[in-house]
>>> print(open('entry.txt').read())   # compact mmCIF, C-alpha atoms and all ligand atoms
# COMPACT_ATOMS: atom_id res chain seq x y z
CA MET A 16 -116.15 113.12 44.37
CA ARG A 17 -115.06 110.44 41.90
CA GLY A 18 -111.80 110.66 40.05
CA LEU A 19 -109.14 108.56 38.35
CA TYR A 20 -106.18 108.77 40.71
CA TYR A 21 -102.59 107.96 39.83
CA PHE A 22 -100.56 106.48 42.68
CA GLY A 23 -97.24 106.34 40.81
CA GLU A 24 -95.34 103.37 39.41
CA GLY A 25 -97.94 102.67 36.75
CA ARG A 26 -100.81 102.22 39.21
CA ALA A 27 -104.13 104.07 38.84
CA GLU A 28 -107.56 103.54 40.37
CA VAL A 29 -110.97 105.19 40.41
CA ARG A 30 -111.56 106.67 43.86
CA SER A 31 -114.88 107.95 45.13
CA ASP A 32 -113.50 109.46 48.34
CA LEU A 33 -111.73 112.45 46.81
CA PRO A 34 -112.62 115.83 48.35
CA VAL A 35 -114.03 118.49 46.04
CA PRO A 36 -111.04 120.81 45.58
CA VAL A 37 -111.14 124.28 47.10
CA PRO A 38 -110.06 127.02 44.67
CA ALA A 39 -107.23 129.36 45.71
CA ALA A 40 -107.78 133.14 45.59
CA ASP A 41 -106.74 133.36 41.92
CA GLU A 42 -108.42 130.11 40.84
CA SER A 43 -111.78 128.84 39.62
CA LEU A 44 -113.68 125.69 40.51
CA ILE A 45 -114.77 123.86 37.37
CA LYS A 46 -117.40 121.17 37.04
CA ILE A 47 -116.01 118.86 34.39
CA LYS A 48 -118.42 117.94 31.58
CA PHE A 49 -116.13 116.05 29.19
CA ALA A 50 -112.53 114.97 29.57
CA ALA A 51 -110.45 113.36 26.85
CA VAL A 52 -107.70 110.77 27.10
CA CYS A 53 -104.45 111.82 25.46
CA SER A 54 -101.45 109.68 24.62
CA THR A 55 -99.61 111.69 27.28
CA ASP A 56 -101.96 110.11 29.86
CA ARG A 57 -101.03 106.69 28.56
CA GLU A 58 -97.36 107.66 28.85
CA VAL A 59 -97.94 108.71 32.48
CA LEU A 60 -99.20 105.19 33.16
CA ALA A 61 -96.09 103.88 31.39
CA GLY A 62 -93.83 105.88 33.70
CA TYR A 63 -93.29 109.16 31.81
CA LYS A 64 -93.89 111.24 34.98
CA PRO A 65 -92.42 109.18 37.84
CA ASP A 66 -92.93 111.97 40.41
CA PHE A 67 -96.60 112.62 39.69
CA VAL A 68 -99.29 111.51 42.11
CA GLY A 69 -102.87 112.72 41.82
CA VAL A 70 -105.93 112.94 39.57
CA MET A 71 -104.96 112.29 35.96
CA GLY A 72 -106.10 114.11 32.81
CA HIS A 73 -105.53 117.50 31.18
CA GLU A 74 -108.02 117.82 28.28
CA PHE A 75 -111.46 118.99 29.35
CA VAL A 76 -114.55 121.11 28.87
CA GLY A 77 -116.35 122.24 31.98
CA VAL A 78 -118.54 124.87 33.59
CA VAL A 79 -117.20 127.40 36.10
CA GLU A 80 -118.95 127.08 39.47
CA LYS A 81 -116.83 129.43 41.57
CA SER A 82 -114.24 131.92 40.37
CA SER A 83 -111.93 134.76 41.29
CA ASP A 84 -113.61 136.43 38.28
CA PRO A 85 -117.36 136.48 39.09
CA THR A 86 -118.25 137.18 35.44
CA LEU A 87 -116.99 133.69 34.57
CA VAL A 88 -119.39 131.82 36.86
CA GLY A 89 -121.66 129.67 34.70
CA ALA A 90 -119.41 129.98 31.65
CA ARG A 91 -118.34 126.97 29.63
CA VAL A 92 -114.56 126.83 29.50
CA VAL A 93 -111.47 124.97 28.39
CA GLY A 94 -108.15 125.57 30.10
CA GLU A 95 -104.41 125.68 29.66
CA LEU A 96 -102.26 123.15 31.50
CA ASN A 97 -99.30 125.05 32.88
CA ALA A 98 -99.31 127.34 35.91
CA GLY A 99 -95.88 128.85 36.60
CA CYS A 100 -94.39 130.28 39.79
CA GLY A 101 -94.56 133.84 38.43
CA LYS A 102 -91.01 134.61 39.58
CA CYS A 103 -88.45 132.61 37.62
CA ILE A 104 -86.71 133.68 34.41
CA TYR A 105 -89.23 131.78 32.27
CA CYS A 106 -92.27 133.22 34.00
CA ARG A 107 -90.80 136.72 33.76
CA THR A 108 -90.05 136.38 30.05
CA GLY A 109 -93.38 135.10 28.72
CA ARG A 110 -92.51 131.40 28.90
CA GLU A 111 -94.64 130.35 31.84
CA GLY A 112 -95.13 126.92 30.28
CA HIS A 113 -91.42 126.35 30.85
CA CYS A 114 -91.31 127.41 34.50
CA VAL A 115 -89.14 124.91 36.34
CA ASP A 116 -91.59 124.92 39.26
CA ARG A 117 -94.70 124.78 37.13
CA ARG A 118 -97.80 122.93 38.16
CA VAL A 119 -99.42 121.06 35.30
CA ILE A 120 -102.89 119.60 35.61
CA GLY A 121 -102.79 115.82 35.63
CA LEU A 122 -99.02 115.82 35.09
CA ALA A 123 -97.10 117.72 37.78
CA ASN A 124 -98.12 118.85 41.30
CA LYS A 125 -101.72 119.56 40.33
CA ASP A 126 -104.81 117.38 40.16
CA GLY A 127 -106.20 116.94 36.68
CA CYS A 128 -109.60 116.69 35.02
CA PHE A 129 -110.49 112.98 35.21
CA ALA A 130 -112.73 113.86 38.14
CA GLU A 131 -116.06 115.57 38.75
CA HIS A 132 -114.40 118.85 39.75
CA MET A 133 -111.04 120.52 39.21
CA THR A 134 -109.48 123.86 40.11
CA LEU A 135 -107.38 125.93 37.75
CA ARG A 136 -105.92 129.44 37.80
CA THR A 137 -108.62 131.67 36.35
CA ASP A 138 -106.41 133.41 33.78
CA LEU A 139 -105.68 130.03 32.20
CA LEU A 140 -109.35 129.54 31.31
CA HIS A 141 -110.86 130.29 27.89
CA ARG A 142 -114.56 130.71 27.21
CA VAL A 143 -115.97 128.26 24.69
CA PRO A 144 -118.07 129.93 21.95
CA ASP A 145 -121.78 129.08 22.32
CA SER A 146 -121.97 127.45 18.90
CA LEU A 147 -119.22 124.96 19.71
CA PRO A 148 -120.49 121.65 21.14
CA ASP A 149 -118.67 120.16 24.16
CA GLU A 150 -117.70 117.12 22.08
CA VAL A 151 -115.77 119.37 19.71
CA ALA A 152 -114.43 121.90 22.22
CA VAL A 153 -112.68 119.08 24.09
CA PHE A 154 -110.23 118.92 21.18
CA CYS A 155 -108.99 122.44 21.89
CA GLU A 156 -105.86 121.46 23.82
CA PRO A 157 -104.41 118.99 21.29
CA LEU A 158 -105.35 121.31 18.42
CA ALA A 159 -103.54 124.15 20.19
CA ALA A 160 -100.51 121.85 20.42
CA ALA A 161 -100.73 121.34 16.65
CA LEU A 162 -100.97 125.11 16.09
CA GLU A 163 -97.80 125.66 18.11
CA ILE A 164 -95.83 124.46 15.07
CA THR A 165 -96.98 127.45 13.02
CA ASP A 166 -95.97 129.66 15.94
CA LYS A 167 -92.45 128.26 15.91
CA VAL A 168 -91.42 127.56 12.33
CA HIS A 169 -91.95 129.36 9.08
CA VAL A 170 -94.17 127.21 6.88
CA ARG A 171 -93.63 127.90 3.19
CA PRO A 172 -96.86 127.11 1.32
CA SER A 173 -94.98 126.56 -1.93
CA GLN A 174 -93.02 123.61 -0.56
CA PRO A 175 -94.39 120.18 0.29
CA LEU A 176 -93.96 119.18 3.90
CA CYS A 177 -94.25 115.88 5.69
CA VAL A 178 -96.00 114.70 8.84
CA VAL A 179 -94.78 111.37 10.23
CA GLY A 180 -97.53 109.51 12.10
CA ASP A 181 -101.20 108.81 11.42
CA GLY A 182 -102.67 109.20 14.90
CA ARG A 183 -104.70 111.93 16.55
CA LEU A 184 -102.06 114.58 16.85
CA ALA A 185 -100.81 113.88 13.33
CA LEU A 186 -104.33 114.39 11.95
CA MET A 187 -104.63 117.76 13.66
CA ILE A 188 -101.15 118.85 12.63
CA ALA A 189 -101.73 117.83 9.03
CA GLN A 190 -105.01 119.78 8.92
CA VAL A 191 -103.50 122.88 10.47
CA LEU A 192 -100.55 122.81 8.08
CA SER A 193 -102.80 122.19 5.07
CA LEU A 194 -104.63 125.45 5.91
CA THR A 195 -101.50 127.28 4.80
CA GLY A 196 -102.06 125.91 1.30
CA ALA A 197 -98.93 123.78 1.43
CA GLU A 198 -99.01 120.24 0.06
CA VAL A 199 -99.01 117.98 3.12
CA VAL A 200 -97.62 114.45 2.78
CA VAL A 201 -98.38 111.98 5.55
CA CYS A 202 -96.16 109.03 6.34
CA GLY A 203 -98.02 106.37 8.36
CA HIS A 204 -98.53 102.64 8.69
CA HIS A 205 -102.27 102.18 9.14
CA ALA A 206 -104.37 102.15 5.96
CA ASP A 207 -107.61 102.77 7.89
CA LYS A 208 -106.20 105.78 9.72
CA LEU A 209 -104.62 107.21 6.58
CA GLU A 210 -108.08 107.36 4.95
CA ARG A 211 -108.89 110.29 7.25
CA PHE A 212 -106.03 112.34 5.84
CA LYS A 213 -106.99 111.94 2.19
CA PRO A 214 -109.32 114.98 1.95
CA PHE A 215 -106.39 117.34 2.58
CA ALA A 216 -103.14 115.38 2.31
CA ARG A 217 -101.20 112.95 0.15
CA VAL A 218 -100.71 109.71 2.02
CA GLU A 219 -97.82 108.23 0.09
CA VAL A 220 -94.23 109.35 0.27
CA GLY A 221 -92.48 109.09 -3.07
CA GLU A 222 -89.39 106.95 -3.46
CA ASP A 223 -86.34 108.99 -2.41
CA GLU A 224 -88.61 111.96 -1.60
CA THR A 225 -87.30 114.35 1.04
CA PHE A 226 -88.71 117.50 2.62
CA GLU A 227 -87.52 120.89 3.89
CA LEU A 228 -89.91 120.53 6.83
CA VAL A 229 -90.77 117.26 8.60
CA VAL A 230 -92.94 116.96 11.71
CA ASP A 231 -92.60 113.83 13.83
CA ALA A 232 -95.94 113.13 15.51
CA SER A 233 -95.53 109.35 15.46
CA GLY A 234 -95.08 108.88 19.19
CA SER A 235 -92.41 106.24 18.65
CA PRO A 236 -88.63 106.02 18.33
CA SER A 237 -88.99 104.35 14.93
CA GLY A 238 -91.08 107.29 13.72
CA PHE A 239 -88.30 109.61 14.79
CA ASP A 240 -85.87 107.61 12.66
CA THR A 241 -88.23 107.85 9.69
CA ALA A 242 -88.57 111.60 10.20
CA ARG A 243 -84.81 111.98 10.31
CA ARG A 244 -84.50 110.10 7.04
CA LEU A 245 -87.13 112.26 5.32
CA VAL A 246 -85.72 115.66 6.28
CA ARG A 247 -83.41 117.34 3.79
CA HIS A 248 -79.94 118.54 4.61
CA ARG A 249 -80.31 121.97 6.24
CA GLY A 250 -84.03 121.27 6.61
CA THR A 251 -86.13 121.51 9.77
CA LEU A 252 -87.31 118.64 11.94
CA VAL A 253 -90.12 119.43 14.39
CA LEU A 254 -90.51 116.95 17.24
CA LYS A 255 -94.00 116.63 18.71
CA SER A 256 -93.71 113.19 20.31
CA THR A 257 -93.12 112.61 23.99
CA PHE A 258 -92.51 108.99 24.80
CA ALA A 259 -91.37 107.34 28.02
CA GLU A 260 -89.21 104.91 26.11
CA LYS A 261 -85.60 106.03 25.72
CA SER A 262 -84.25 105.72 22.22
CA PRO A 263 -80.57 105.23 21.52
CA MET A 264 -80.00 108.13 19.19
CA ASN A 265 -77.20 108.69 16.81
CA LEU A 266 -77.17 112.44 16.46
CA ALA A 267 -74.14 112.62 14.18
CA ASP A 268 -76.18 112.74 10.98
CA LEU A 269 -78.19 115.68 12.30
CA VAL A 270 -74.90 117.48 12.77
CA VAL A 271 -73.41 116.45 9.46
CA ASN A 272 -76.65 117.25 7.59
CA GLU A 273 -77.05 120.52 9.53
CA VAL A 274 -80.67 119.79 10.43
CA THR A 275 -82.52 122.31 12.59
CA VAL A 276 -84.35 120.40 15.34
CA VAL A 277 -87.32 122.12 16.96
CA GLY A 278 -89.04 120.72 20.04
CA SER A 279 -92.68 121.69 20.33
CA ARG A 280 -95.29 121.13 23.03
CA CYS A 281 -98.30 123.19 24.16
CA GLY A 282 -99.87 125.85 21.98
CA PRO A 283 -102.29 128.79 21.83
CA PHE A 284 -105.93 128.08 22.80
CA GLU A 285 -107.76 131.05 21.26
CA PRO A 286 -106.69 130.29 17.65
CA ALA A 287 -107.62 126.64 18.23
CA LEU A 288 -111.10 127.64 19.41
CA ARG A 289 -111.48 129.87 16.34
CA LEU A 290 -110.53 127.05 13.95
CA LEU A 291 -112.98 124.68 15.62
CA GLU A 292 -115.78 127.25 15.74
CA ARG A 293 -115.39 128.05 12.05
CA GLY A 294 -115.27 124.39 11.11
CA LEU A 295 -111.85 124.77 9.49
CA VAL A 296 -110.62 121.72 11.34
CA THR A 297 -112.95 118.75 11.57
CA LEU A 298 -112.32 115.67 13.66
CA PRO A 299 -113.91 112.26 14.12
CA PRO A 300 -116.29 111.98 17.10
CA ILE A 301 -114.99 111.27 20.59
CA GLU A 302 -115.89 107.86 22.06
CA LEU A 303 -117.24 108.27 25.59
CA TYR A 304 -116.82 105.99 28.59
CA ASP A 305 -117.81 105.92 32.22
CA LEU A 306 -114.88 106.61 34.53
CA ASP A 307 -115.11 103.05 35.91
CA ASP A 308 -114.26 101.77 32.43
CA TRP A 309 -111.11 103.88 32.23
CA ARG A 310 -109.01 100.92 31.13
CA ASP A 311 -111.25 100.52 28.06
CA ALA A 312 -111.00 104.26 27.40
CA PHE A 313 -107.21 104.15 27.65
CA GLY A 314 -107.06 101.08 25.41
CA SER A 315 -109.57 102.38 22.88
CA ARG A 316 -108.54 102.48 19.24
CA ALA A 317 -111.07 105.24 18.52
CA PHE A 318 -109.71 108.53 17.21
CA LYS A 319 -110.34 110.01 20.64
CA SER A 320 -111.77 108.49 23.77
CA GLY A 321 -112.84 110.19 26.92
CA PHE A 322 -115.20 110.50 29.85
CA LYS A 323 -118.55 112.18 30.30
CA PHE A 324 -119.32 113.33 33.84
ZN ZN A 401 -103.02 116.13 25.65
ZN ZN A 402 -91.66 130.23 37.10
>>> encode(input="entry.txt", output="structure tokens")
Amino acid sequence: MRGLYYFGEGRAEVRSDLPVPVPAADESLIKIKFAAVCSTDREVLAGYKPDFVGVMGHEFVGVVEKSSDPTLVGARVVGELNAGCGKCIYCRTGREGHCVDRRVIGLANKDGCFAEHMTLRTDLLHRVPDSLPDEVAVFCEPLAAALEITDKVHVRPSQPLCVVGDGRLALMIAQVLSLTGAEVVVCGHHADKLERFKPFARVEVGEDETFELVVDASGSPSGFDTARRLVRHRGTLVLKSTFAEKSPMNLADLVVNEVTVVGSRCGPFEPALRLLERGLVTLPPIELYDLDDWRDAFGSRAFKSGFKF
């Protein structure tokens, strides 16, 4: 089968000699229909996961062809990334996504979805509602990551909050947070991208304005600095960016200002599917490429780019 294979050290190539993976006893074999490029994939190419070798990609919609659960065969599914060891303290305490030995599709010890087929543990799969088109369902994983914020911090609808960044994840986070009724203020640099936020957010930060809750989804060290400046003393700063670049951080002001810092990564899929199915979160269309044109897909300035198989 064909797949985009990462060899390490920033080198990737489309291979057509990859074997179709064989599912383990607790896994399913999925025929990938759509896969989306995420900034995390770009970071992998930039060296964010130096130990990873294998098929890239972790955002997908596919159809189950074989499964440890026969009732799933033929079902359209999306899937969670992290498969834990089942034994460690994190796996035993409901934090499988934090297992130190976890396998993560397209990121750690497990082939991802930029290929015609992929295997994944069956209990990590979620059925896609019939009314939800593939092109929309493929946004489930990043939307789940946005929803994780509401799982972790208390959002007070009576207080304005700020999202730093105007990219894909920022758009999803801002929409999710606006559903609470809170006034969402977006701090970004790109006038064209900020247009998309206007239906549900204010896109200008007032002079000297600060916030109890600030979410950094900028994907850059400078965005982190902005977020730090915008958060009030004793406020909460949620960090959603993973970047390969190391930033020299001065943490003293976080200490002095008693800021609560919350790291946040993957989130719940079922609520994300519900929001998409009910049209409560709407997103610009995904731009589709052939796998051979993966460099164009990775370099695309579209809201979301991806592959159709
Ligand atoms: Zn992603
Ligand atoms: Zn574990």
>>> atom_distance(input="entry.txt", atom1="atom CA of Asn265 of chain A", atom2="atom CA of Ser54 of chain A")
25.5 Å
>>> residues_near_ligand(input="entry.txt", ligand="ligand ZN 401 (chain A)", cutoff="6 Å", atoms="all atoms listed in the file", output="list of chain:residue names")
A:Cys53, A:Thr55, A:Glu74, A:Pro157
>>> atom_distance(input="entry.txt", atom1="atom CA of Val35 of chain A", atom2="atom CA of Val76 of chain A")
17.4 Å
>>> residues_near_ligand(input="entry.txt", ligand="ligand ZN 402 (chain A)", cutoff="6 Å", atoms="all atoms listed in the file", output="number ranges by chain")
A: 99-103, 105-106, 114-116
>>> closest_atom_pairs(input="entry.txt", of="segment 160-202 of chain A", to="segment 297-319 of chain A", cutoff="12 Å", atoms="only C-alpha atoms", output="Markdown table")
| residue | atom | partner | partner_atom | distance |
| --- | --- | --- | --- | --- |
| A:Asp181 | CA | A:Phe318 | CA | 10.3 |
| A:Gly182 | CA | A:Phe318 | CA | 7.4 |
| A:Arg183 | CA | A:Phe318 | CA | 6.1 |
| A:Leu184 | CA | A:Phe318 | CA | 9.8 |
| A:Ala185 | CA | A:Phe318 | CA | 11.1 |
| A:Leu186 | CA | A:Leu298 | CA | 8.3 |
| A:Met187 | CA | A:Leu298 | CA | 8.0 |
| A:Ile188 | CA | A:Leu298 | CA | 11.7 |
| A:Ala189 | CA | A:Thr297 | CA | 11.5 |
| A:Gln190 | CA | A:Thr297 | CA | 8.4 |
| A:Val191 | CA | A:Thr297 | CA | 10.4 |
>>> atom_distance(input="entry.txt", atom1="atom CA of Glu222 of chain A", atom2="atom CA of Thr241 of chain A")
13.2 Å
>>> residues_around(input="entry.txt", residues="Leu194 of chain A", least_positions_apart="2", cutoff="10 Å", atoms="all atoms listed in the file", output="ChimeraX atom specification")
/A:172,189-192,196-199,215,295-296
>>> decode(input="entry.txt", residues="segment 189-203 of chain A", atoms="N, CA and C atoms", output="PDB file, in the first residue's frame")
ATOM      1  N   ALA A 189     -11.872  28.932  20.080  1.00  0.00           N
ATOM      2  CA  ALA A 189     -12.706  30.124  20.249  1.00  0.00           C
ATOM      3  C   ALA A 189     -14.184  29.777  20.088  1.00  0.00           C
ATOM      4  N   GLN A 190     -14.505  28.901  19.125  1.00  0.00           N
ATOM      5  CA  GLN A 190     -15.912  28.516  18.942  1.00  0.00           C
ATOM      6  C   GLN A 190     -16.431  27.735  20.136  1.00  0.00           C
ATOM      7  N   VAL A 191     -15.643  26.783  20.591  1.00  0.00           N
ATOM      8  CA  VAL A 191     -16.062  25.963  21.732  1.00  0.00           C
ATOM      9  C   VAL A 191     -16.298  26.859  22.948  1.00  0.00           C
ATOM     10  N   LEU A 192     -15.367  27.778  23.200  1.00  0.00           N
ATOM     11  CA  LEU A 192     -15.494  28.629  24.384  1.00  0.00           C
ATOM     12  C   LEU A 192     -16.657  29.600  24.232  1.00  0.00           C
ATOM     13  N   SER A 193     -16.937  30.033  23.005  1.00  0.00           N
ATOM     14  CA  SER A 193     -18.054  30.962  22.802  1.00  0.00           C
ATOM     15  C   SER A 193     -19.399  30.281  23.078  1.00  0.00           C
ATOM     16  N   LEU A 194     -19.432  28.937  22.959  1.00  0.00           N
ATOM     17  CA  LEU A 194     -20.678  28.206  23.241  1.00  0.00           C
ATOM     18  C   LEU A 194     -21.085  28.307  24.711  1.00  0.00           C
ATOM     19  N   THR A 195     -20.135  28.688  25.566  1.00  0.00           N
ATOM     20  CA  THR A 195     -20.485  28.868  26.977  1.00  0.00           C
ATOM     21  C   THR A 195     -21.228  30.184  27.205  1.00  0.00           C
ATOM     22  N   GLY A 196     -21.225  31.043  26.172  1.00  0.00           N
ATOM     23  CA  GLY A 196     -21.833  32.363  26.325  1.00  0.00           C
ATOM     24  C   GLY A 196     -20.839  33.433  26.731  1.00  0.00           C
ATOM     25  N   ALA A 197     -19.616  33.038  27.011  1.00  0.00           N
ATOM     26  CA  ALA A 197     -18.591  34.015  27.400  1.00  0.00           C
ATOM     27  C   ALA A 197     -18.204  34.882  26.203  1.00  0.00           C
ATOM     28  N   GLU A 198     -17.776  36.114  26.481  1.00  0.00           N
ATOM     29  CA  GLU A 198     -17.226  36.945  25.415  1.00  0.00           C
ATOM     30  C   GLU A 198     -15.808  36.455  25.125  1.00  0.00           C
ATOM     31  N   VAL A 199     -15.572  36.056  23.864  1.00  0.00           N
ATOM     32  CA  VAL A 199     -14.257  35.548  23.481  1.00  0.00           C
ATOM     33  C   VAL A 199     -13.525  36.635  22.701  1.00  0.00           C
ATOM     34  N   VAL A 200     -12.311  36.941  23.132  1.00  0.00           N
ATOM     35  CA  VAL A 200     -11.478  37.932  22.454  1.00  0.00           C
ATOM     36  C   VAL A 200     -10.298  37.195  21.837  1.00  0.00           C
ATOM     37  N   VAL A 201     -10.068  37.437  20.550  1.00  0.00           N
ATOM     38  CA  VAL A 201      -8.990  36.722  19.857  1.00  0.00           C
ATOM     39  C   VAL A 201      -7.851  37.686  19.571  1.00  0.00           C
ATOM     40  N   CYS A 202      -6.639  37.235  19.868  1.00  0.00           N
ATOM     41  CA  CYS A 202      -5.460  38.047  19.623  1.00  0.00           C
ATOM     42  C   CYS A 202      -4.631  37.363  18.535  1.00  0.00           C
ATOM     43  N   GLY A 203      -4.657  37.930  17.317  1.00  0.00           N
ATOM     44  CA  GLY A 203      -3.916  37.324  16.207  1.00  0.00           C
ATOM     45  C   GLY A 203      -3.317  38.381  15.320  1.00  0.00           C
TER      46      GLY A 203
END
